Each structure stands twice: as structure tokens, then as C-alpha cells.
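Dumped my_file_33.pdb below, it's PDB, C-alpha atoms:
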```pdb
ATOM      1  CA  MET A 141      67.414  63.831  57.262
ATOM      2  CA  SER A 142      64.062  62.864  58.732
ATOM      3  CA  SER A 143      65.510  59.673  60.220
ATOM      4  CA  PHE A 144      68.223  61.710  61.959
ATOM      5  CA  GLU A 145      65.590  64.016  63.484
ATOM      6  CA  GLU A 146      63.579  60.979  64.596
ATOM      7  CA  ASP A 147      66.706  59.585  66.275
ATOM      8  CA  GLU A 148      67.185  62.892  68.130
ATOM      9  CA  ASP A 149      63.564  62.852  69.279
ATOM     10  CA  SER A 150      63.822  59.233  70.425
ATOM     11  CA  PHE A 151      67.069  59.855  72.329
ATOM     12  CA  GLU A 152      66.473  59.574  76.081
ATOM     13  CA  HIS A 153      68.638  60.213  79.108
ATOM     14  CA  THR A 154      67.830  58.667  82.467
ATOM     15  CA  LEU A 155      68.217  61.200  85.254
ATOM     16  CA  LEU A 156      67.074  59.159  88.264
ATOM     17  CA  VAL A 157      66.042  55.613  89.194
ATOM     18  CA  VAL A 158      64.302  54.786  92.498
ATOM     19  CA  ARG A 159      63.741  51.101  93.093
ATOM     20  CA  GLU A 160      60.612  51.357  95.203
ATOM     21  CA  VAL A 161      57.932  54.031  95.494
ATOM     22  CA  SER A 162      54.295  53.927  96.575
ATOM     23  CA  VAL A 163      51.270  55.255  94.703
ATOM     24  CA  PHE A 164      48.113  56.352  96.523
ATOM     25  CA  LYS A 165      44.599  57.126  95.477
ATOM     26  CA  ILE A 166      43.911  60.599  96.807
ATOM     27  CA  PRO A 167      40.635  62.389  97.488
ATOM     28  CA  PRO A 168      39.821  65.510  95.492
ATOM     29  CA  ARG A 169      41.246  68.726  96.850
ATOM     30  CA  THR A 170      38.609  70.753  98.672
ATOM     31  CA  THR A 171      40.652  73.923  99.280
ATOM     32  CA  SER A 172      43.394  75.841  97.460
ATOM     33  CA  GLY A 173      45.831  75.288 100.325
ATOM     34  CA  GLY A 174      47.409  72.199  98.713
ATOM     35  CA  TYR A 175      47.368  68.464  99.271
ATOM     36  CA  LYS A 176      48.036  66.866 102.648
ATOM     37  CA  CYS A 177      49.461  63.360 102.755
ATOM     38  CA  GLY A 178      48.046  62.916 106.266
ATOM     39  CA  GLU A 179      44.613  62.526 104.698
ATOM     40  CA  TRP A 180      45.758  59.588 102.616
ATOM     41  CA  LEU A 181      44.949  56.258 104.234
ATOM     42  CA  GLN A 182      47.219  53.255 104.115
ATOM     43  CA  SER A 183      44.394  51.319 102.543
ATOM     44  CA  ASP A 184      44.449  53.797  99.639
ATOM     45  CA  LYS A 185      47.832  52.483  98.414
ATOM     46  CA  ILE A 186      47.147  51.094  94.965
ATOM     47  CA  TRP A 187      50.614  50.302  93.598
ATOM     48  CA  THR A 188      54.279  49.771  94.520
ATOM     49  CA  GLY A 189      57.071  49.706  91.971
ATOM     50  CA  ARG A 190      60.039  51.465  90.331
ATOM     51  CA  LEU A 191      60.306  55.141  89.364
ATOM     52  CA  ARG A 192      62.426  56.484  86.494
ATOM     53  CA  VAL A 193      62.935  60.120  85.514
ATOM     54  CA  VAL A 194      63.755  60.303  81.790
ATOM     55  CA  SER A 195      64.815  63.401  79.881
ATOM     56  CA  ALA A 196      63.646  63.574  76.262
ATOM     57  CA  LYS A 197      64.275  66.430  73.851
ATOM     58  CA  HIS A 198      61.093  68.392  74.393
ATOM     59  CA  ARG A 199      59.871  67.097  77.771
ATOM     60  CA  CYS A 200      60.720  65.194  80.919
ATOM     61  CA  GLU A 201      58.833  61.992  81.784
ATOM     62  CA  ILE A 202      58.246  60.465  85.205
ATOM     63  CA  ARG A 203      57.620  56.805  84.550
ATOM     64  CA  LEU A 204      56.167  54.314  87.049
ATOM     65  CA  GLU A 205      57.230  50.843  85.928
ATOM     66  CA  ASP A 206      57.048  47.274  87.150
ATOM     67  CA  PRO A 207      60.459  46.408  88.657
ATOM     68  CA  ASN A 208      60.456  42.891  87.142
ATOM     69  CA  SER A 209      58.884  43.188  83.700
ATOM     70  CA  GLY A 210      59.429  46.931  83.090
ATOM     71  CA  GLU A 211      55.755  47.323  82.151
ATOM     72  CA  LEU A 212      54.563  50.931  82.338
ATOM     73  CA  PHE A 213      51.970  51.604  85.014
ATOM     74  CA  ALA A 214      51.561  55.371  84.562
ATOM     75  CA  ALA A 215      53.510  58.358  83.173
ATOM     76  CA  CYS A 216      53.682  62.024  84.120
ATOM     77  CA  PHE A 217      54.880  64.493  81.484
ATOM     78  CA  VAL A 218      56.690  67.622  82.657
ATOM     79  CA  LEU A 219      56.979  70.342  80.018
ATOM     80  CA  PRO A 220      59.723  72.988  80.228
ATOM     81  CA  GLY A 221      58.635  75.831  82.505
ATOM     82  CA  GLN A 222      55.440  74.002  83.586
ATOM     83  CA  ARG A 223      56.732  71.835  86.413
ATOM     84  CA  GLU A 224      54.210  73.103  88.977
ATOM     85  CA  LEU A 225      51.341  71.984  86.725
ATOM     86  CA  SER A 226      52.485  68.355  86.691
ATOM     87  CA  VAL A 227      54.285  67.852  90.033
ATOM     88  CA  GLU A 228      53.077  69.381  93.300
ATOM     89  CA  PRO A 229      54.666  68.661  96.703
ATOM     90  CA  ALA A 230      52.523  67.879  99.716
ATOM     91  CA  VAL A 231      52.243  70.687 102.253
ATOM     92  CA  ASP A 232      52.805  68.499 105.330
ATOM     93  CA  SER A 233      55.704  66.255 104.226
ATOM     94  CA  SER A 234      58.764  66.452 101.997
ATOM     95  CA  ARG A 235      58.522  62.746 101.002
ATOM     96  CA  TYR A 236      55.146  62.948  99.267
ATOM     97  CA  PHE A 237      54.039  64.506  95.974
ATOM     98  CA  VAL A 238      50.999  64.668  93.751
ATOM     99  CA  LEU A 239      51.490  63.727  90.070
ATOM    100  CA  LYS A 240      49.261  64.518  87.124
ATOM    101  CA  ILE A 241      49.219  61.361  84.955
ATOM    102  CA  GLU A 242      47.929  61.165  81.382
ATOM    103  CA  ASP A 243      46.885  58.257  79.198
ATOM    104  CA  GLY A 244      47.944  59.911  75.924
ATOM    105  CA  ARG A 245      44.349  60.388  74.755
ATOM    106  CA  GLY A 246      43.603  63.633  76.585
ATOM    107  CA  LYS A 247      42.463  62.108  79.873
ATOM    108  CA  HIS A 248      44.361  62.784  83.109
ATOM    109  CA  ALA A 249      44.121  61.979  86.824
ATOM    110  CA  PHE A 250      45.934  62.907  90.041
ATOM    111  CA  ILE A 251      47.695  60.314  92.174
ATOM    112  CA  GLY A 252      49.803  60.451  95.310
ATOM    113  CA  LEU A 253      53.492  59.505  95.190
ATOM    114  CA  GLY A 254      55.470  58.582  98.302
ATOM    115  CA  PHE A 255      59.177  57.874  98.885
ATOM    116  CA  ALA A 256      60.485  55.666 101.690
ATOM    117  CA  GLU A 257      63.515  57.912 102.372
ATOM    118  CA  ARG A 258      63.933  61.684 102.422
ATOM    119  CA  ASN A 259      67.153  61.566 100.381
ATOM    120  CA  GLU A 260      65.225  59.808  97.584
ATOM    121  CA  ALA A 261      62.666  62.607  97.560
ATOM    122  CA  PHE A 262      65.508  65.129  97.504
ATOM    123  CA  ASP A 263      67.117  63.384  94.513
ATOM    124  CA  PHE A 264      63.739  63.455  92.754
ATOM    125  CA  ASN A 265      63.552  67.236  93.123
ATOM    126  CA  VAL A 266      67.166  67.632  91.953
ATOM    127  CA  SER A 267      66.574  65.575  88.807
ATOM    128  CA  LEU A 268      63.664  67.804  87.789
ATOM    129  CA  SER A 269      65.764  70.923  88.454
ATOM    130  CA  ASP A 270      68.622  69.512  86.338
ATOM    131  CA  TYR A 271      66.251  69.028  83.427
ATOM    132  CA  GLU A 272      65.083  72.644  83.657
ATOM    133  CA  LYS A 273      68.715  73.851  83.703
ATOM    134  CA  TYR A 274      69.487  71.693  80.685
ATOM    135  CA  VAL A 275      66.610  73.177  78.700
ATOM    136  CA  ARG A 276      67.640  76.689  79.720
ATOM    137  CA  ARG A 277      71.226  76.118  78.538
ATOM    138  CA  GLU A 278      69.992  74.729  75.254
ATOM    139  CA  ASN A 279      67.830  77.782  74.649
ATOM    140  CA  GLU A 280      70.662  80.153  75.548
ATOM    141  CA  GLY A 281      73.009  78.251  73.229
ATOM    142  CA  GLU A 282      70.621  78.564  70.313
ATOM    143  CA  ALA A 283      70.181  82.265  70.995
ATOM    144  CA  GLY A 284      73.964  82.678  71.202
ATOM    145  CA  ASP A 285      74.434  80.935  67.857
ATOM    146  CA  GLY A 286      71.929  83.306  66.276
ATOM    147  CA  GLU A 287      73.768  86.334  67.662
ATOM    148  CA  ALA A 288      77.094  84.932  66.441
ATOM    149  CA  ASN A 289      75.683  84.555  62.954
ATOM    150  CA  GLU A 290      74.474  88.153  63.023
ATOM    151  CA  GLU A 291      77.898  89.365  64.190
ATOM    152  CA  SER A 292      79.602  87.401  61.414
ATOM    153  CA  HIS A 293      77.942  89.568  58.756
ATOM    154  CA  ILE A 294      80.236  92.237  57.332
ATOM    155  CA  ASP A 295      79.118  95.775  58.066
ATOM    156  CA  ILE A 296      79.142  97.683  54.783
ATOM    157  CA  HIS A 297      78.182 101.025  56.322
ATOM    158  CA  PRO A 298      80.972 103.623  56.207
ATOM    159  CA  ALA A 299      82.745 104.584  59.367
ATOM    160  CA  VAL A 300      81.666 107.812  61.021
ATOM    161  CA  ASN A 301      84.268 110.600  60.934
ATOM    162  CA  HIS A 302      84.564 112.125  64.404
ATOM    163  CA  ARG A 303      87.423 114.533  63.595
ATOM    164  CA  LEU A 304      86.948 118.232  64.276
ATOM    165  CA  LYS A 305      86.076 120.371  61.336
ATOM    166  CA  GLU A 306      87.893 123.541  60.518
ATOM    167  CA  GLY A 307      87.043 126.276  63.032
ATOM    168  CA  GLU A 308      85.557 123.889  65.625
ATOM    169  CA  THR A 309      86.997 123.894  69.146
ATOM    170  CA  ILE A 310      86.561 121.904  72.304
ATOM    171  CA  ARG A 311      86.135 123.603  75.650
ATOM    172  CA  ILE A 312      87.174 121.777  78.789
ATOM    173  CA  ASN A 313      86.317 123.124  82.236
ATOM    174  CA  VAL A 314      89.012 122.281  84.758
ATOM    175  CA  LYS A 315      88.199 122.713  88.398
ATOM    176  CA  HIS A 316      90.945 124.660  90.161
ATOM    177  CA  LYS A 317      92.253 123.155  93.344
ATOM    178  CA  LEU A 318      92.268 125.479  96.346
ATOM    179  CA  ALA A 319      95.711 126.547  97.527
ATOM    180  CA  SER A 320      94.831 126.160 101.181
ATOM    181  CA  GLY A 321      92.375 123.699 102.597
ATOM    182  CA  THR A 322      89.398 124.476 104.764
ATOM    183  CA  GLY A 323      88.237 122.908 107.969
ATOM    184  CA  LEU A 324      89.753 121.964 111.246
ATOM    185  CA  LEU A 325      92.784 120.306 109.747
ATOM    186  CA  SER A 326      93.775 123.380 107.766
ATOM    187  CA  ALA A 327      93.131 125.623 110.773
ATOM    188  CA  ALA A 328      95.328 123.468 112.934
ATOM    189  CA  GLY A 329      98.033 123.511 110.339
ATOM    190  CA  SER A 330      97.815 127.258 109.709
ATOM    191  CA  GLY A 331      99.898 128.090 112.796
ATOM    192  CA  LYS A 332     103.410 128.848 111.708
ATOM    193  CA  GLU A 333     105.950 126.843 113.555
ATOM    194  CA  LYS A 334     109.534 127.985 113.609
ATOM    195  CA  ALA A 335     111.962 125.497 112.300
ATOM    196  CA  PRO A 336     114.550 124.467 114.862
ATOM    197  CA  GLY A 337     117.615 126.695 114.341
ATOM    198  CA  LEU A 338     121.065 125.364 113.805
ATOM    199  CA  ALA A 339     123.926 126.137 116.166
ATOM    200  CA  PRO A 340     126.210 128.954 114.870
ATOM    201  CA  PRO A 341     129.624 127.957 113.602
ATOM    202  CA  PRO A 342     132.566 128.457 115.962
ATOM    203  CA  SER A 343     134.059 131.987 115.910
ATOM    204  CA  GLY A 344     137.337 132.616 114.137
ATOM    205  CA  THR A 345     138.879 134.323 117.232
ATOM    206  CA  GLY A 346     139.384 131.053 118.982
ATOM    207  CA  LYS A 347     142.721 129.355 118.659
ATOM    208  CA  ILE A 348     142.804 126.338 116.443
ATOM    209  CA  ARG A 349     144.880 123.760 118.137
ATOM    210  CA  SER A 350     146.792 121.264 116.153
ATOM    211  CA  PRO A 351     145.505 117.787 116.863
ATOM    212  CA  LEU A 352     149.078 116.430 116.926
ATOM    213  CA  PRO A 353     152.318 118.060 118.252
ATOM    214  CA  PRO A 354     155.185 118.588 115.774
ATOM    215  CA  PRO A 355     157.846 115.900 115.710
ATOM    216  CA  PRO A 356     161.063 116.600 117.672
ATOM    217  CA  ASN A 357     164.165 118.075 115.914
ATOM    218  CA  ASP A 358     162.011 119.296 113.067
ATOM    219  CA  PRO A 359     163.920 122.183 111.301
ATOM    220  CA  ALA A 360     160.682 123.643 109.984
ATOM    221  CA  ALA A 361     159.186 123.727 113.473
ATOM    222  CA  ALA A 362     162.410 125.319 114.835
ATOM    223  CA  ARG A 363     162.210 128.083 112.220
ATOM    224  CA  ILE A 364     158.558 128.750 113.055
ATOM    225  CA  THR A 365     159.388 128.901 116.800
ATOM    226  CA  SER A 366     162.307 131.331 116.289
ATOM    227  CA  SER A 367     160.187 133.593 114.094
ATOM    228  CA  LEU A 368     157.462 133.630 116.771
ATOM    229  CA  LYS A 369     160.018 134.572 119.486
ATOM    230  CA  GLY A 370     161.426 137.392 117.358
ATOM    231  CA  SER A 371     157.975 138.798 116.763
ATOM    232  CA  LYS A 372     157.239 138.719 120.524
ATOM    233  CA  GLU A 373     160.473 140.610 121.369
ATOM    234  CA  SER A 374     159.740 143.215 118.714
ATOM    235  CA  THR A 375     156.315 143.759 120.195
ATOM    236  CA  ARG A 376     157.824 144.196 123.657
ATOM    237  CA  ARG A 377     160.208 146.981 122.499
ATOM    238  CA  PRO A 378     158.248 150.235 122.238
ATOM    239  CA  SER A 379     158.606 152.113 119.030
ATOM    240  CA  ASP A 380     157.456 155.411 120.618
ATOM    241  CA  PRO A 381     160.441 157.545 121.853
ATOM    242  CA  LEU A 382     158.227 159.126 124.547
ATOM    243  CA  SER A 383     157.689 155.845 126.214
ATOM    244  CA  ASP A 384     161.333 155.784 127.458
ATOM    245  CA  PHE A 385     161.386 158.047 130.603
ATOM    246  CA  SER A 386     165.017 157.293 131.606
ATOM    247  CA  GLN A 387     166.437 159.953 129.243
ATOM    248  CA  LEU A 388     164.017 162.603 130.557
ATOM    249  CA  GLU A 389     165.040 161.906 134.140
ATOM    250  CA  ARG A 390     168.699 162.473 133.270
ATOM    251  CA  ASN A 391     167.927 165.803 131.588
ATOM    252  CA  LEU A 392     165.884 167.135 134.546
ATOM    253  CA  PRO A 393     167.808 169.498 137.018
ATOM    254  CA  SER A 394     168.722 167.981 140.340
ATOM    255  CA  THR A 395     167.392 169.787 143.486
ATOM    256  CA  ALA A 396     168.814 169.723 147.003
ATOM    257  CA  GLY A 397     165.501 169.510 148.665
ATOM    258  CA  SER A 398     164.313 166.612 146.726
ATOM    259  CA  GLY A 399     165.600 164.229 149.407
ATOM    260  CA  ALA A 400     163.884 166.103 152.228
ATOM    261  CA  ALA A 401     160.714 166.386 150.257
ATOM    262  CA  LYS A 402     160.825 162.709 149.595
ATOM    263  CA  ARG A 403     161.248 162.036 153.300
ATOM    264  CA  GLU A 404     158.422 164.380 154.233
ATOM    265  CA  ALA A 405     156.206 162.860 151.622
ATOM    266  CA  ALA A 406     157.136 159.452 152.857
ATOM    267  CA  GLY A 407     156.470 160.487 156.469
ATOM    268  CA  TRP A 408     153.089 162.029 155.600
ATOM    269  CA  ALA A 409     152.141 159.034 153.672
ATOM    270  CA  ALA A 410     153.178 156.923 156.648
ATOM    271  CA  PHE A 411     151.058 159.048 158.960
TER     272      PHE A 411
END
```
Represent the structure from my file as C-alpha cells, please.
Amino acid sequence: MSSFEEDEDSFEHTLLVVREVSVFKIPPRTTSGGYKCGEWLQSDKIWTGRLRVVSAKHRCEIRLEDPNSGELFAACFVLPGQRELSVEPAVDSSRYFVLKIEDGRGKHAFIGLGFAERNEAFDFNVSLSDYEKYVRRENEGEAGDGEANEESHIDIHPAVNHRLKEGETIRINVKHKLASGTGLLSAAGSGKEKAPGLAPPPSGTGKIRSPLPPPPNDPAAARITSSLKGSKESTRRPSDPLSDFSQLERNLPSTAGSGAAKREAAGWAAF
């Protein structure tokens, strides 16, 4: 078991390799404003070699190695959540950093680190951020496993009975909706508008004409026509005996002067 744990501790994952970086001897910082790479002289360059960012189980290591032999020149240890204590960017350039190196015996020093290209410096920052994300995921996974183990335990507590007891009631207040709305819209709609009326149906007094005339030589049509003619003649003949004045004229007495009177009346009327 102990050998397996030692293998896990010795397991390393290389996050970044930069073939050539420069190391500078830097003066002590006089103010709290940060380090400025413009104060570093070219004559202060003390080493040039390869940089490797290695992720171990409990820390991240920035190793400065000889490109040919692989001999370690210096190492910077970055603990989870303490990146700013070990790596600090320069305030006047994105290609330069200040590293806190340790010898493993409690002694440390600060050196300047410079990259030839900006994309290399960007990759250096990304590799450190990836390590922090990896550690965060590991911690969240361990916490999630602990919660899963707690949820796997069987709850022996009895379930709570939420049913109503005898005589208990529930009162619910329901807000009544107003029959008519308020405001400008309701006021505009309050005016009663008469619905458009429909045209009255045609009166029954009008004659309904047949859309098609009866066929010729139709015996049924001939009977209907003869019945209509008979009804017209019967209506023409008066049923009242007083309406016939010819019989009264024959019964009246004839007078001799009727002709003269008629002539006088005719002459007066002519005058």
C-alpha cells in the first residue's frame, strides 16, 4: 500500500516546455509597487536554458534545466492557492516575471525570468491556471464523494404524517376578479355600440314568381288556369241585388217632360 502511495506522489505531468528562457539577477525591491524589468541590465543575465512546468500531486514545480544535460539549475514551487507568493509578473512587461526559488533547505531567493516571445509568456500563465483548475476539480470530486457516501446511508427515521387530523380545515383566500376593468381601456370600451341590424325578410304580400314557366300542353297547368279564370268571372259578377240598376229603371214611371228636361239640362250644362 505504501509503495502505491509513493508511486502516486512521484507521478508527474508536464504542462509546458519552453526551449529557451533567460534568468536575471534583480535588485531588491524598494517599493511595494512591484518589480520593473526595465531596471534589469543586460549584464545582469546569469543563465539561459530550458523551462519546464511540472504538475505533481500536491504542488506545481517550475524547473530551470540545462537543455543538453537536463541538470537542474533552480526550481520554483507553487502551492495550490499560493501562486502570487511564488510567481509575480513584472509591472512594465508581460514577458517578464519574478520567481521565488528554493534550495530545499529553507533558503530562498528572487530571480528574474524573461521569455523571448509573448505567446510563450502567455502559455506559461495558462499552464499555471490549468494546474489550479485541476486541483480545484480534485477537491470538488473528493467533497462530492463524501456527500454521495452520506446520501447512500439509509434513513431510519419515520416519515412525517402531513394528513389533516379530524376537525382540522384549510382556508384558502381566493382573490375575486373584477367584472369590469378600470382605466382608460375600460372607459373606452364602456360605450355601448349597436350591433349592425339585419335587413328584414321580404313581405308576404309580394307575388312569388316561379323561376321557370310551366311546360306547354301541361294538363295540370290548364286546370289551374281554368280555375283561375272561373274565380275571376265570379268576382266580377256582383252578388248584391241592389247593384243591378237596370231593373229599377224599368220599374220607374215614364214622364213626358223627361226629354225636355234632359235637353234643358244639357243646354244649361252647355252654357
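For the structure in this document, the set picked by the PyMOL selection byres ((chain A and resi 185) around 9) is Ser162, Val163, Phe164, Lys165, Trp180, Leu181, Gln182, Ser183, Asp184, Ile186, Trp187, Thr188 and Gly252 of chain A.
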Correct to one decimal, the distance CA of Glu228 (chain A)-CA of Gly178 (chain A) is 15.3 Å
Build an axis-aligned box that encloses every atom of region 233-248 of chain A listed in the file, pad it by 3 Å on each side, and report its centre and edge lengths in Å to one decimal, as AutoDock Vina command-line options.
```
--center_x 50.6 --center_y 62.4 --center_z 89.5 --size_x 22.3 --size_y 14.2 --size_z 35.5
```
Since I can't run it myself right now, could you work out what the PyMOL selection byres ((chain A and resi 244) around 12) selects here and report it as a PyMOL selection string? chain A and resi 214-217+241-243+245-249
Check what the PyMOL selection byres ((chain A and resi 154-156) around 8) selects in the file above and give those residues as an NGL selection string. :A and (152-153 or 157-158 or 191-195 or 263-264 or 267)
Enter the distance from CA of Pro168 (chain A) to CA of Pro220 (chain A), in Å, rounded to one decimal.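 Rounded to one decimal, the two atoms are 26.2 Å apart.
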At a cut-off of 6 Å, using all atoms listed in the file, what residues contact region 174-177 of chain A? Leave out same-chain residues fewer than 5 positions from it and give the result as a ChimeraX atom specification. /A:230-232
From the set A:Val161, A:Val266, A:Cys200, A:Ile251, which residue has the shortest atom-to-atom contact distance to Arg235 (chain A), counting all atoms listed in the file?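 Closest to Arg235 (chain A) of all the choices is A:Val161.
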Do you have the CA of Arg199 (chain A)-CA of Arg159 (chain A) distance handy? 22.5 Å
Pick from A:Leu304, A:Phe151, A:Gly189, A:Glu224, whichever lies nearest to Asn208 (chain A) using only C-alpha atoms: A:Gly189
Dump N, CA, C and O atoms of region 305-317 of chain A from the given block, as a PDB file, in the first residue's frame.
```
ATOM      1  N   LYS A 305     -55.817  16.176  10.549  1.00  0.00           N
ATOM      2  CA  LYS A 305     -56.466  15.435  11.618  1.00  0.00           C
ATOM      3  C   LYS A 305     -57.970  15.703  11.588  1.00  0.00           C
ATOM      4  O   LYS A 305     -58.458  16.580  10.880  1.00  0.00           O
ATOM      5  N   GLU A 306     -58.666  14.961  12.358  1.00  0.00           N
ATOM      6  CA  GLU A 306     -60.113  15.100  12.396  1.00  0.00           C
ATOM      7  C   GLU A 306     -60.486  16.453  12.983  1.00  0.00           C
ATOM      8  O   GLU A 306     -60.034  16.827  14.078  1.00  0.00           O
ATOM      9  N   GLY A 307     -61.329  17.202  12.256  1.00  0.00           N
ATOM     10  CA  GLY A 307     -61.751  18.527  12.710  1.00  0.00           C
ATOM     11  C   GLY A 307     -60.898  19.656  12.169  1.00  0.00           C
ATOM     12  O   GLY A 307     -61.278  20.826  12.278  1.00  0.00           O
ATOM     13  N   GLU A 308     -59.740  19.371  11.566  1.00  0.00           N
ATOM     14  CA  GLU A 308     -58.888  20.415  11.016  1.00  0.00           C
ATOM     15  C   GLU A 308     -59.366  20.779   9.610  1.00  0.00           C
ATOM     16  O   GLU A 308     -59.808  19.920   8.840  1.00  0.00           O
ATOM     17  N   THR A 309     -59.255  22.055   9.277  1.00  0.00           N
ATOM     18  CA  THR A 309     -59.667  22.554   7.967  1.00  0.00           C
ATOM     19  C   THR A 309     -58.577  23.437   7.408  1.00  0.00           C
ATOM     20  O   THR A 309     -57.709  23.931   8.141  1.00  0.00           O
ATOM     21  N   ILE A 310     -58.660  23.665   6.135  1.00  0.00           N
ATOM     22  CA  ILE A 310     -57.735  24.546   5.433  1.00  0.00           C
ATOM     23  C   ILE A 310     -58.537  25.676   4.823  1.00  0.00           C
ATOM     24  O   ILE A 310     -59.540  25.444   4.146  1.00  0.00           O
ATOM     25  N   ARG A 311     -58.088  26.877   5.034  1.00  0.00           N
ATOM     26  CA  ARG A 311     -58.771  28.054   4.491  1.00  0.00           C
ATOM     27  C   ARG A 311     -57.911  28.645   3.387  1.00  0.00           C
ATOM     28  O   ARG A 311     -56.726  28.929   3.593  1.00  0.00           O
ATOM     29  N   ILE A 312     -58.535  28.844   2.245  1.00  0.00           N
ATOM     30  CA  ILE A 312     -57.847  29.396   1.084  1.00  0.00           C
ATOM     31  C   ILE A 312     -58.550  30.678   0.681  1.00  0.00           C
ATOM     32  O   ILE A 312     -59.752  30.691   0.445  1.00  0.00           O
ATOM     33  N   ASN A 313     -57.800  31.769   0.619  1.00  0.00           N
ATOM     34  CA  ASN A 313     -58.342  33.057   0.199  1.00  0.00           C
ATOM     35  C   ASN A 313     -58.137  33.206  -1.302  1.00  0.00           C
ATOM     36  O   ASN A 313     -57.004  33.197  -1.795  1.00  0.00           O
ATOM     37  N   VAL A 314     -59.241  33.337  -2.013  1.00  0.00           N
ATOM     38  CA  VAL A 314     -59.206  33.489  -3.462  1.00  0.00           C
ATOM     39  C   VAL A 314     -59.562  34.918  -3.799  1.00  0.00           C
ATOM     40  O   VAL A 314     -60.599  35.436  -3.366  1.00  0.00           O
ATOM     41  N   LYS A 315     -58.747  35.557  -4.527  1.00  0.00           N
ATOM     42  CA  LYS A 315     -58.987  36.944  -4.915  1.00  0.00           C
ATOM     43  C   LYS A 315     -59.977  36.975  -6.067  1.00  0.00           C
ATOM     44  O   LYS A 315     -59.762  36.372  -7.119  1.00  0.00           O
ATOM     45  N   HIS A 316     -61.107  37.704  -5.838  1.00  0.00           N
ATOM     46  CA  HIS A 316     -62.143  37.781  -6.860  1.00  0.00           C
ATOM     47  C   HIS A 316     -61.702  38.722  -7.974  1.00  0.00           C
ATOM     48  O   HIS A 316     -61.191  39.816  -7.718  1.00  0.00           O
ATOM     49  N   LYS A 317     -61.970  38.315  -9.162  1.00  0.00           N
ATOM     50  CA  LYS A 317     -61.636  39.150 -10.320  1.00  0.00           C
ATOM     51  C   LYS A 317     -62.787  40.123 -10.577  1.00  0.00           C
ATOM     52  O   LYS A 317     -63.941  39.759 -10.559  1.00  0.00           O
TER      53      LYS A 317
END
```
